[in-house]
Amino acid sequence: MNISKLDSENLYYSFVSGAQEVIKNKNSLNEINVFPVADGDTGSNLSSTMHAIILDARISGSVKETMNSIADAALTGARGNSGIIIAQYINGIFLSLMDEETITIPSFAETVKKAVPYAYQAISDPVEGTIITVIREWADAVYSHKDLSANFSELFSKSMITANNSLEATTSRLKVLQDSRVVDSGAKGFVYFLQGFATFLRTGKVDLEVSDEPEDLSFNEELIHSQGEIRHRYCTEALLSSDSIDLEALRAELALYGDSLIVAGNNHKARIHIHANAPEQVFQVLRKKGIILQQKADDMVRQNESAFDRKYDTALITDSIADLPQEMLDRYQVHMLPLNLNFDNTSYLDKVTMTPELFYPLLEEAIEYPKSSQPNPIVVEKYLDTVLSHYNKVIILTVAKEQSGTNSVFQNAVSKKLHEGKKIAVIDSKRNSGAEGLLVMKAAEMIAAETPFDEIVGAIEHLRERTNIFVSVNNLKYMVKSGRLSKVSGLAAMTINLKPVVSIDAEGKGSIAEKAFSEKGNEKKLFRLLEKVNAQEQISRYAIVHANNPEKAEAYRKRSVALLGKEPEYIMNISTIVGMSAGVGTVAISYMCEEEL
């Protein structure tokens, strides 16, 4: 095709063709991802960004309106460092584009060159030798050839030479790329996008068949990954909406919380990317700036370990309801999927973007009581895909399915993801909180001891019947507010000052184990239950969990040590979702009675 002017339709299909080319090469982009962190997800993030363009962008009456639709879709769907940089560059193209009926070669060249500063401004610390360099050098090449090209196909043919040379040069420009013998994965993704864009301009056809087959992108025969130091654990992202966003001020404020910061967008919508150790602090800033439409916080440490430093050949996945200290999750490389906590019109990630320390003080001020929700099926499928890309055996241990749909979501995801040579087990713990945590701990120990897969599954299914929790509930108002107890029953119980000891029955439902009418009586009955279990079955390990009540947890520890003759495995603050129902101040003792299996 000899296209010398781009109308709305040609512009749209050029972007779609570019997006399809990136999606086709998702797996190979993941393979060469070593910068800024070797977490193996650049291809997935860019693919997600491109899918948003394909699904949400629309052809409009003018090229400016069409470009606005493409830019908005890219910004909304942007994921990852490179995805957000490309989205911001596309946004810069929209902002730099003249409102004309068609785009000529000179105006296109002016636009892509003027858009480069927008991409640079979004990055708090631009690193040359990466995607940003390739974008700039390609745009410069387009501008230099604008008067020497008869049509867009010729323009792209000439400028792609510069883009490919710039891409190949990234290997020598950054030590981490040189050590790993790869090009920058984000830059490679951008070049793929340009190739797809050029294909439509040359042929007038859009390839809608997306291949999942990876392509070797390295300039060497072998990929050698450099793991480098991960200074900030979570790849944290958000989409913020507001009537007025000061991007520069927001960028300055967020810079205090991590690195690899990108703030892209406009004064009504902003896409934020930052590597942070405390994502919850980032979101406490954002919740005051507007409405948080989307959020994620990927654990780059676990991603890096899965790709390059696996301790075991079996992966263990659990959900955030399982109360187990981060130190133990790290020791055994346990994968933890955070569940959703809906609070203040925002869906937070339990234990990651909303922590107990922040949550309980906010709970008292809440106008509308928070709610929990099971994970999105698509999120779970992608999460499982990532784990299965590195492991052939996976054990998934979830909160009781009588209490949450999480188990069913995993079961459905697994039914779609069974692959030849993969062994996957989804276990209903029939427990929650510390009791679920103890089961996860036991499963992790067995994996570390190289216990056969089926033996681990059988042991956990047996031990869940000998593992439970006693919860000291001193104020029923939280159970009423969360809907776990009806208002009628709750008010009646509160009238008589009921302070029950709650446990879990054989099917995984909450049940009242004892009734008391004072805090002292509640504690007495809880330890009487614990003493009875120990006498009958011999408690082998236990843990103490609490909802922002370390003083009472310590008192329970002393009494438990006197009764059981051993220290707890751990003491910790409980999941915000569990605490939302049990209430601030709650303390619980979970236990396990092991036997010869």
# chains A, B, ... in the order shown; residues from 1 in each chain; ligands from 1
>>> residues_around(residues="Leu148 (chain A)", least_positions_apart="3", cutoff="12 Å", atoms="only C-alpha atoms", output="list in words")
Ile105, Pro106, Ala109, Ala141, Val142, Tyr143, Ser144, His145, Asn151, Phe152, Glu154, Leu155, Phe156, Ser157, Lys158 and Ser159 of chain A
>>> residues_around(residues="Arg541 (chain A)", least_positions_apart="6", cutoff="10 Å", atoms="only C-alpha atoms", output="list in words")
Leu438, Thr467, Leu564, Lys566, Glu567, Pro568, Glu569, Tyr570, Ser590, Tyr591, Met592, Cys593 and Glu594 of chain A
>>> closest_residue(among="A:Ala443, A:Glu31, A:Thr314, A:Thr576", to="Ser180 (chain A)", atoms="only C-alpha atoms")
A:Glu31
>>> atom_distance(atom1="CA of Phe193 (chain A)", atom2="CA of Ala19 (chain A)")
5.9 Å
>>> residues_around(residues="Gly83 (chain A)", least_positions_apart="6", cutoff="9 Å", atoms="only C-alpha atoms", output="PyMOL selection string")
chain A and resi 42+45-50+74-75+77+186
